[in-house]
file protein.txt (compact mmCIF, C-alpha atoms)
# COMPACT_ATOMS: atom_id res chain seq x y z
CA MET Z 1 110.10 149.66 71.15
CA ALA Z 2 112.44 146.87 70.02
CA GLN Z 3 115.22 148.28 72.22
CA SER Z 4 112.85 148.38 75.20
CA VAL Z 5 112.00 144.69 74.67
CA ARG Z 6 115.70 143.80 74.46
CA THR Z 7 116.41 145.79 77.62
CA THR Z 8 113.64 144.03 79.51
CA ARG Z 9 114.91 140.62 78.41
CA MET Z 10 118.45 141.50 79.41
CA LEU Z 11 117.32 142.70 82.84
CA ARG Z 12 115.41 139.46 83.41
CA ALA Z 13 118.46 137.43 82.35
CA LEU Z 14 120.82 139.30 84.67
CA LEU Z 15 118.67 139.38 87.78
CA PRO Z 16 119.63 136.73 90.34
CA PRO Z 17 117.33 133.86 91.33
CA TRP Z 18 115.49 135.94 93.94
CA SER Z 19 113.80 137.89 91.12
CA HIS Z 20 111.45 134.95 90.51
CA GLU Z 21 110.28 134.76 94.12
CA ARG Z 22 107.01 136.29 95.23
CA ILE Z 23 107.29 139.43 97.32
CA GLY Z 24 105.90 138.76 100.79
CA THR Z 25 105.18 141.09 103.67
CA VAL Z 26 108.80 141.06 104.87
CA PRO Z 27 112.07 140.50 102.97
CA ALA Z 28 113.32 136.92 103.18
CA GLU Z 29 116.87 138.32 103.17
CA PRO Z 30 117.02 142.06 103.88
CA SER Z 31 119.24 144.07 101.55
CA TYR Z 32 121.36 147.11 102.32
CA VAL Z 33 120.04 148.83 99.18
CA ALA Z 34 116.92 150.25 100.82
CA ASP Z 35 115.87 150.98 104.39
CA ASP Z 36 113.04 148.45 104.22
CA GLY Z 37 115.35 145.70 102.87
CA PHE Z 38 114.13 145.65 99.26
CA PRO Z 39 117.09 144.68 97.01
CA ALA Z 40 116.70 147.10 94.09
CA GLU Z 41 116.38 150.76 93.11
CA MET Z 42 115.74 152.74 89.97
CA SER Z 43 117.50 155.96 89.00
CA VAL Z 44 117.54 158.46 86.13
CA ASN Z 45 120.36 160.76 85.03
CA TRP Z 46 118.97 163.89 83.38
CA SER Z 47 121.99 165.20 81.45
CA GLY Z 48 122.13 165.11 77.68
CA ARG Z 49 119.41 165.02 75.07
CA HIS Z 50 117.89 161.81 76.43
CA PRO Z 51 117.73 160.78 80.12
CA GLU Z 52 119.64 157.65 81.16
CA LEU Z 53 117.58 154.97 82.91
CA ARG Z 54 119.39 152.80 85.46
CA VAL Z 55 118.37 149.76 87.49
CA LEU Z 56 120.55 148.60 90.39
CA PHE Z 57 120.05 145.32 92.23
CA ASP Z 58 121.66 143.34 95.03
CA SER Z 59 122.64 139.78 94.09
CA LEU Z 60 121.85 138.69 97.69
CA GLY Z 61 124.67 136.17 97.74
CA HIS Z 62 124.12 134.86 94.20
CA ASP Z 63 127.39 135.60 92.41
CA THR Z 64 125.78 136.61 89.14
CA GLY Z 65 127.33 139.02 86.68
CA PRO Z 66 126.97 140.72 83.32
CA PRO Z 67 127.57 139.03 79.97
CA ALA Z 68 131.13 137.92 79.25
CA GLU Z 69 131.69 140.74 76.76
CA SER Z 70 132.35 144.38 77.61
CA GLY Z 71 134.80 144.66 80.45
CA PHE Z 72 134.10 141.37 82.20
CA ARG Z 73 137.82 140.54 82.29
CA ARG Z 74 138.37 143.76 84.20
CA LEU Z 75 135.93 142.59 86.86
CA GLN Z 76 137.55 139.16 87.03
CA GLY Z 77 140.90 140.83 87.66
CA VAL Z 78 139.77 142.27 90.99
CA HIS Z 79 136.87 140.03 92.02
CA GLU Z 80 138.92 137.66 94.17
CA ILE Z 81 140.25 140.57 96.27
CA PHE Z 82 136.78 141.07 97.71
CA THR Z 83 136.34 137.44 98.82
CA PRO Z 84 137.83 135.25 101.56
CA ARG Z 85 140.24 133.89 98.90
CA GLY Z 86 141.73 137.38 98.86
CA GLY Z 87 142.09 137.47 102.64
CA ARG Z 88 138.82 139.24 103.37
CA PRO Z 89 136.65 138.27 106.37
CA SER Z 90 133.63 137.51 104.15
CA PRO Z 91 132.54 137.98 100.52
CA ALA Z 92 131.65 141.59 99.77
CA PRO Z 93 127.97 141.98 98.88
CA LEU Z 94 127.76 142.24 95.10
CA TRP Z 95 125.49 144.73 93.36
CA HIS Z 96 125.01 145.17 89.62
CA SER Z 97 123.65 148.05 87.59
CA ILE Z 98 122.31 148.36 84.06
CA ALA Z 99 122.29 151.83 82.45
CA TRP Z 100 120.67 152.73 79.16
CA ARG Z 101 120.55 156.11 77.41
CA PRO Z 102 118.78 155.79 74.05
CA PRO Z 103 120.01 155.36 71.39
CA SER Z 104 123.37 154.35 72.94
CA ARG Z 105 124.23 150.82 73.94
CA ILE Z 106 123.62 149.46 77.43
CA PHE Z 107 126.33 149.86 80.08
CA HIS Z 108 127.01 147.62 83.06
CA LYS Z 109 128.51 148.45 86.44
CA THR Z 110 129.41 146.24 89.38
CA TYR Z 111 129.63 147.37 93.02
CA PHE Z 112 131.37 145.66 95.92
CA GLY Z 113 129.79 146.57 99.25
CA LEU Z 114 132.56 147.00 101.82
CA TYR Z 115 130.27 148.11 104.67
CA PRO Z 116 130.28 144.74 106.57
CA TRP Z 117 134.08 144.78 107.02
CA PRO Z 118 136.39 146.49 109.52
CA HIS Z 119 137.79 149.74 108.14
CA ALA Z 120 141.33 148.37 107.78
CA GLN Z 121 140.06 145.56 105.55
CA ARG Z 122 138.16 148.00 103.34
CA GLU Z 123 141.24 150.18 102.86
CA ALA Z 124 143.48 147.20 102.14
CA ALA Z 125 141.09 145.76 99.56
CA VAL Z 126 140.70 149.07 97.73
CA ALA Z 127 144.47 149.64 97.69
CA GLU Z 128 145.09 146.17 96.24
CA ALA Z 129 142.37 146.52 93.62
CA MET Z 130 143.61 149.94 92.51
CA ALA Z 131 147.15 148.57 92.23
CA ARG Z 132 145.97 145.72 89.98
CA LEU Z 133 144.12 148.23 87.80
CA GLY Z 134 147.18 150.48 87.48
CA MET Z 135 145.68 153.32 89.51
CA ALA Z 136 147.60 152.99 92.77
CA ASP Z 137 149.25 156.42 92.57
CA ALA Z 138 145.99 158.18 91.74
CA TRP Z 139 144.27 156.44 94.65
CA ASP Z 140 147.07 157.28 97.10
CA ALA Z 141 146.99 160.96 96.09
CA THR Z 142 143.20 161.10 96.42
CA ARG Z 143 143.07 159.22 99.71
CA ARG Z 144 145.74 161.41 101.30
CA ALA Z 145 143.94 164.57 100.19
CA VAL Z 146 140.61 163.34 101.60
CA GLU Z 147 142.24 162.47 104.92
CA THR Z 148 143.34 166.09 105.38
CA ILE Z 149 139.71 167.28 105.41
CA GLU Z 150 138.01 167.56 108.78
CA GLY Z 151 135.09 165.29 109.55
CA THR Z 152 134.30 161.60 109.83
CA ARG Z 153 133.81 159.37 106.80
CA GLU Z 154 134.36 155.77 105.76
CA ILE Z 155 134.88 153.87 102.51
CA GLU Z 156 131.65 152.06 101.71
CA PHE Z 157 131.74 150.84 98.09
CA PHE Z 158 134.20 150.00 95.35
CA ALA Z 159 132.79 149.91 91.80
CA VAL Z 160 133.94 149.30 88.25
CA ASP Z 161 132.44 150.25 84.90
CA LEU Z 162 132.31 147.20 82.68
CA ALA Z 163 133.18 149.01 79.48
CA ASP Z 164 136.02 149.50 77.04
CA GLU Z 165 139.20 150.59 78.78
CA ASP Z 166 139.13 154.09 77.31
CA GLU Z 167 135.67 154.76 78.75
CA ALA Z 168 135.78 152.75 81.95
CA ARG Z 169 135.91 154.29 85.40
CA VAL Z 170 136.77 152.85 88.78
CA LYS Z 171 134.83 154.43 91.63
CA VAL Z 172 135.31 154.65 95.38
CA TYR Z 173 132.41 155.78 97.58
CA TYR Z 174 132.75 157.44 100.97
CA ARG Z 175 129.89 157.78 103.44
CA ASN Z 176 130.10 161.04 105.40
CA HIS Z 177 128.89 161.28 108.99
CA GLY Z 178 127.51 164.55 110.34
CA ALA Z 179 128.95 166.54 107.45
CA GLY Z 180 128.01 170.07 106.48
CA LEU Z 181 127.50 171.26 102.92
CA ALA Z 182 130.85 173.05 102.99
CA GLU Z 183 132.58 169.85 104.10
CA VAL Z 184 131.17 167.65 101.32
CA ASN Z 185 132.13 170.37 98.84
CA ARG Z 186 135.71 170.31 100.10
CA VAL Z 187 135.74 166.53 99.76
CA ALA Z 188 134.43 166.76 96.19
CA SER Z 189 137.05 169.41 95.38
CA VAL Z 190 139.79 166.78 95.74
CA ALA Z 191 138.88 165.60 92.22
CA LEU Z 192 140.61 167.13 89.22
CA ARG Z 193 137.35 168.33 87.69
CA HIS Z 194 135.05 169.99 90.20
CA ASP Z 195 133.45 173.43 90.18
CA ALA Z 196 133.06 174.29 93.85
CA ASP Z 197 130.87 177.35 93.17
CA ASP Z 198 128.38 175.44 91.02
CA ALA Z 199 128.36 172.59 93.51
CA ARG Z 200 127.74 174.93 96.44
CA ALA Z 201 124.70 176.41 94.70
CA ALA Z 202 123.36 172.96 93.82
CA TYR Z 203 123.74 171.62 97.35
CA ARG Z 204 121.98 174.66 98.81
CA THR Z 205 119.09 174.24 96.39
CA LEU Z 206 118.59 170.64 97.53
CA ALA Z 207 119.15 171.29 101.25
CA GLY Z 208 116.80 174.26 101.54
CA ASP Z 209 117.65 176.41 104.54
CA ARG Z 210 119.91 173.81 106.17
CA GLU Z 211 123.70 174.10 106.32
CA ASP Z 212 124.25 170.39 106.96
CA ALA Z 213 124.34 167.72 104.26
CA GLY Z 214 121.79 165.55 106.01
CA GLU Z 215 122.09 161.95 107.07
CA ALA Z 216 124.98 159.96 105.58
CA ALA Z 217 125.73 162.01 102.46
CA LEU Z 218 127.86 160.10 99.96
CA SER Z 219 130.97 161.26 98.10
CA CYS Z 220 132.04 159.27 95.05
CA PHE Z 221 135.41 159.59 93.30
CA ALA Z 222 135.71 158.36 89.71
CA PHE Z 223 139.16 157.31 88.49
CA ARG Z 224 140.18 157.11 84.85
CA SER Z 225 143.35 155.69 83.34
CA GLY Z 226 146.20 158.14 82.94
CA ARG Z 227 145.12 160.61 85.66
CA ASP Z 228 147.23 161.23 88.74
CA ARG Z 229 144.18 161.78 90.98
CA ALA Z 230 140.45 161.11 90.90
CA ALA Z 231 139.12 162.61 87.68
CA GLU Z 232 135.62 163.51 88.87
CA SER Z 233 133.49 163.54 91.99
CA THR Z 234 129.78 163.13 92.65
CA THR Z 235 127.94 164.10 95.83
CA TYR Z 236 124.73 162.33 96.89
CA LEU Z 237 122.29 163.99 99.28
CA ARG Z 238 119.56 162.00 101.04
CA LEU Z 239 116.31 163.87 100.43
CA PRO Z 240 114.05 162.17 103.01
CA ASP Z 241 116.25 163.69 105.71
CA LEU Z 242 116.49 167.12 104.06
CA ALA Z 243 112.87 167.53 102.94
CA ALA Z 244 109.57 166.93 104.73
CA SER Z 245 108.11 164.86 101.87
CA ASP Z 246 108.43 164.09 98.18
CA GLU Z 247 106.42 167.20 97.46
CA GLU Z 248 109.16 169.41 98.89
CA ALA Z 249 111.96 167.21 97.53
CA VAL Z 250 110.51 167.34 94.01
CA GLU Z 251 110.25 171.14 94.08
CA ARG Z 252 113.89 171.51 95.12
CA THR Z 253 115.11 168.97 92.57
CA ALA Z 254 113.02 170.57 89.85
CA ALA Z 255 114.55 173.94 90.72
CA LEU Z 256 118.04 172.43 90.39
CA LEU Z 257 117.21 170.83 87.04
CA HIS Z 258 115.80 174.12 85.75
CA ARG Z 259 118.94 175.96 86.86
CA GLU Z 260 120.99 173.37 84.97
CA GLY Z 261 119.01 173.93 81.79
CA VAL Z 262 116.92 170.75 82.03
CA ASP Z 263 113.13 170.87 81.67
CA PRO Z 264 111.90 169.28 84.93
CA GLY Z 265 108.56 168.24 83.47
CA ARG Z 266 109.49 164.60 82.82
CA PHE Z 267 111.05 164.32 86.27
CA ARG Z 268 107.85 165.58 87.88
CA LEU Z 269 105.71 163.15 85.89
CA LEU Z 270 107.98 160.21 86.70
CA THR Z 271 108.02 160.89 90.44
CA ALA Z 272 104.25 161.28 90.56
CA ALA Z 273 103.84 157.99 88.68
CA LEU Z 274 106.21 156.10 91.00
CA ALA Z 275 104.96 157.45 94.34
CA PRO Z 276 102.51 155.10 96.11
CA GLY Z 277 100.38 158.04 97.26
CA PRO Z 278 100.14 161.85 97.27
CA LEU Z 279 103.61 163.41 97.17
CA SER Z 280 102.84 165.25 100.40
CA THR Z 281 102.81 161.89 102.21
CA THR Z 282 105.59 159.88 100.51
CA HIS Z 283 109.40 159.57 100.43
CA VAL Z 284 110.06 157.64 97.22
CA LEU Z 285 112.78 160.04 96.01
CA GLU Z 286 115.66 158.80 98.14
CA LEU Z 287 118.84 160.38 96.75
CA VAL Z 288 119.76 163.19 94.39
CA SER Z 289 123.33 163.37 93.13
CA TYR Z 290 125.19 166.24 91.49
CA ARG Z 291 128.42 166.22 89.50
CA THR Z 292 130.33 169.09 87.88
CA ALA Z 293 132.39 167.30 85.25
CA GLY Z 294 131.94 169.57 82.27
CA ARG Z 295 128.35 168.88 81.23
CA ARG Z 296 125.20 170.67 82.33
CA GLY Z 297 122.35 168.91 84.05
CA ASP Z 298 124.48 166.12 85.52
CA VAL Z 299 121.81 165.39 88.12
CA THR Z 300 120.65 161.87 88.98
CA THR Z 301 117.49 161.05 90.91
CA TYR Z 302 117.31 157.75 92.83
CA PHE Z 303 113.97 156.14 93.58
CA ARG Z 304 113.48 153.52 96.28
CA PHE Z 305 110.07 152.00 96.63
CA PRO Z 306 108.47 151.39 100.06
CA VAL Z 307 107.73 147.76 99.28
CA TYR Z 308 107.62 146.40 102.82
CA ASP Z 309 106.51 149.38 104.89
CA ARG Z 310 103.50 150.35 102.78
CA SER Z 311 100.20 150.34 104.66
CA LEU Z 312 97.94 147.47 103.68
CA THR Z 313 94.50 148.20 102.26
CA PRO Z 314 91.76 147.21 104.75
CA VAL Z 315 89.90 144.08 103.70
CA ASP Z 316 86.14 143.61 104.27
CA LEU Z 317 86.02 140.06 105.60
CA ALA Z 318 82.21 140.03 105.31

call {"tool": "encode", "arguments": {"input": "protein.txt", "output": "C-alpha cells"}}
result
Amino acid sequence: MAQSVRTTRMLRALLPPWSHERIGTVPAEPSYVADDGFPAEMSVNWSGRHPELRVLFDSLGHDTGPPAESGFRRLQGVHEIFTPRGGRPSPAPLWHSIAWRPPSRIFHKTYFGLYPWPHAQREAAVAEAMARLGMADAWDATRRAVETIEGTREIEFFAVDLADEDEARVKVYYRNHGAGLAEVNRVASVALRHDADDARAAYRTLAGDREDAGEAALSCFAFRSGRDRAAESTTYLRLPDLAASDEEAVERTAALLHREGVDPGRFRLLTAALAPGPLSTTHVLELVSYRTAGRRGDVTTYFRFPVYDRSLTPVDLA
C-alpha cells in the first residue's frame, strides 16, 4: 500500500501541467498517443512473478522529465539532438513512461517522437544520438540488415531507458506499412536474440486467420552496451484492426498468455474493468507486443481509453 501511494505521488509530480486541466469534449491539443487525441496510455507486461504496470504520457510541449537521479545525464547527452539547436526542423514530441514491477524500484523511460520530421532528419538524428551513446556500429549493422528486408517502413521513435548503464537500453521503433506476419518476423530476426518459430506462433495467435500484420505494426530494436547489433526485438500488433472487438482480442491474447505459461485470469479481469462497455462493443485493448528474449510470457498489453469518442449519456432536460 505504501509503495502504491509513493507511485501515485510520483506520477502526479512527473505529469506535465496539462494533467491539472479538466477533460472537455475535445482535446485542447490532440496527442499522437491515441487516435482520439488523448495524451496517455496504460500498459501491463505479464512476464515474471508479478506483472509490470506502466503509464506513458505525452508532455504536449512541456519539456518535463524524470527526477535528476537514475540515468538523467544519459538523457541530457542526447536531448539537444532532437531540438532545433541540434539542427532539427522542430522539437521532437517528448513522451515519458513510468514502469513499476513490485517489489522492484520504479523505472523511467523517455521517448522522442520523430514522426513529424522528414525521413532524412529522423535518420540523421538517430545516427548522431547512437554515436554519442557509443552504439554507432551496432546501429549501422542493424539498420543495414533491416534495409535488406522487403517492405515499407519508417523510423518513428527513439527512446532511452533512464537506468544504470549496465541495465539501460536504447530503443529504435519502426512503423511497418502493409506488412505481413512473415515480414515483421524477418524484421525482428535482425536482433541477436529472437526465436522466429516462437514469434511466428505468437503472431498467428493474435492475428487469427489473417496473414497480414494489420495496420501499422511496430518493430522495436533494443540496443545494449557491448553488442555489435540490436540485442532484442519486440513486435507490436494493433488489435482493433485484427479483431472485431475487445471480446475477440481478449480471447486471442488470453490464448497467447496461456501458451506462454501465464494465467490469463488477471488480464481478463483488468480488461473488463477498463472497458467502457461490454467487450463485444469496445476497442480499449489497442496493442499487444511480443518479445522472445529468453523469458516466457514476455507479452505486454496496451490500453487506450476512448476519452473523446465515447457516446454521451442522454440527459432528461425535464

call {"tool": "closest_residue", "arguments": {"input": "protein.txt", "among": "Z:Arg88, Z:His79, Z:Arg200, Z:His96", "to": "Leu60 of chain Z", "atoms": "only C-alpha atoms"}}
result
Z:His96

call {"tool": "residues_around", "arguments": {"input": "protein.txt", "residues": "Ser97 of chain Z", "least_positions_apart": "5", "cutoff": "9 Å", "atoms": "all atoms listed in the file", "output": "compact mmCIF listing (two decimals) with C-alpha atoms, in the frame of the given file"}}
result
# COMPACT_ATOMS: atom_id res chain seq x y z
CA ARG Z 54 119.39 152.80 85.46
CA VAL Z 55 118.37 149.76 87.49
CA LEU Z 56 120.55 148.60 90.39
CA PHE Z 57 120.05 145.32 92.23
CA PHE Z 107 126.33 149.86 80.08
CA HIS Z 108 127.01 147.62 83.06
CA LYS Z 109 128.51 148.45 86.44
CA THR Z 110 129.41 146.24 89.38
CA TYR Z 111 129.63 147.37 93.02

call {"tool": "closest_residue", "arguments": {"input": "protein.txt", "among": "Z:Thr235, Z:Ala136, Z:Glu183, Z:Leu192", "to": "Glu211 of chain Z", "atoms": "only C-alpha atoms"}}
result
Z:Glu183

call {"tool": "closest_residue", "arguments": {"input": "protein.txt", "among": "Z:Glu167, Z:Glu52, Z:Asp298, Z:Glu29", "to": "Gly226 of chain Z", "atoms": "all atoms listed in the file"}}
result
Z:Glu167

call {"tool": "closest_residue", "arguments": {"input": "protein.txt", "among": "Z:Val146, Z:Phe157, Z:Pro51, Z:Ala131", "to": "Leu94 of chain Z", "atoms": "only C-alpha atoms"}}
result
Z:Phe157

call {"tool": "closest_residue", "arguments": {"input": "protein.txt", "among": "Z:Met135, Z:Ala244, Z:Ala222, Z:Ala124", "to": "Ala188 of chain Z", "atoms": "all atoms listed in the file"}}
result
Z:Ala222

call {"tool": "atom_distance", "arguments": {"input": "protein.txt", "atom1": "atom CA of Arg259 of chain Z", "atom2": "atom CA of Ala202 of chain Z"}}
result
8.8 Å

call {"tool": "atom_distance", "arguments": {"input": "protein.txt", "atom1": "atom CA of Arg295 of chain Z", "atom2": "atom CA of Arg73 of chain Z"}}
result
29.9 Å

call {"tool": "closest_residue", "arguments": {"input": "protein.txt", "among": "Z:Asp161, Z:Glu150, Z:Glu41, Z:Glu247", "to": "Val184 of chain Z", "atoms": "all atoms listed in the file"}}
result
Z:Glu150

call {"tool": "atom_distance", "arguments": {"input": "protein.txt", "atom1": "atom CA of Asp140 of chain Z", "atom2": "atom CA of Ala196 of chain Z"}}
result
22.3 Å

call {"tool": "residues_around", "arguments": {"input": "protein.txt", "residues": "Arg122 of chain Z", "least_positions_apart": "2", "cutoff": "10 Å", "atoms": "only C-alpha atoms", "output": "PyMOL selection string"}}
result
chain Z and resi 82+88+92+113-120+124-127+154-158

call {"tool": "closest_atom_pairs", "arguments": {"input": "protein.txt", "of": "segment 192-299 of chain Z", "to": "segment 173-176 of chain Z", "cutoff": "6 Å", "atoms": "only C-alpha atoms", "output": "CSV"}}
result
residue,atom,partner,partner_atom,distance
Z:Ala216,CA,Z:Asn176,CA,5.2
Z:Ala217,CA,Z:Asn176,CA,5.4
Z:Leu218,CA,Z:Arg175,CA,4.6
Z:Ser219,CA,Z:Tyr174,CA,5.1
Z:Cys220,CA,Z:Tyr173,CA,4.3
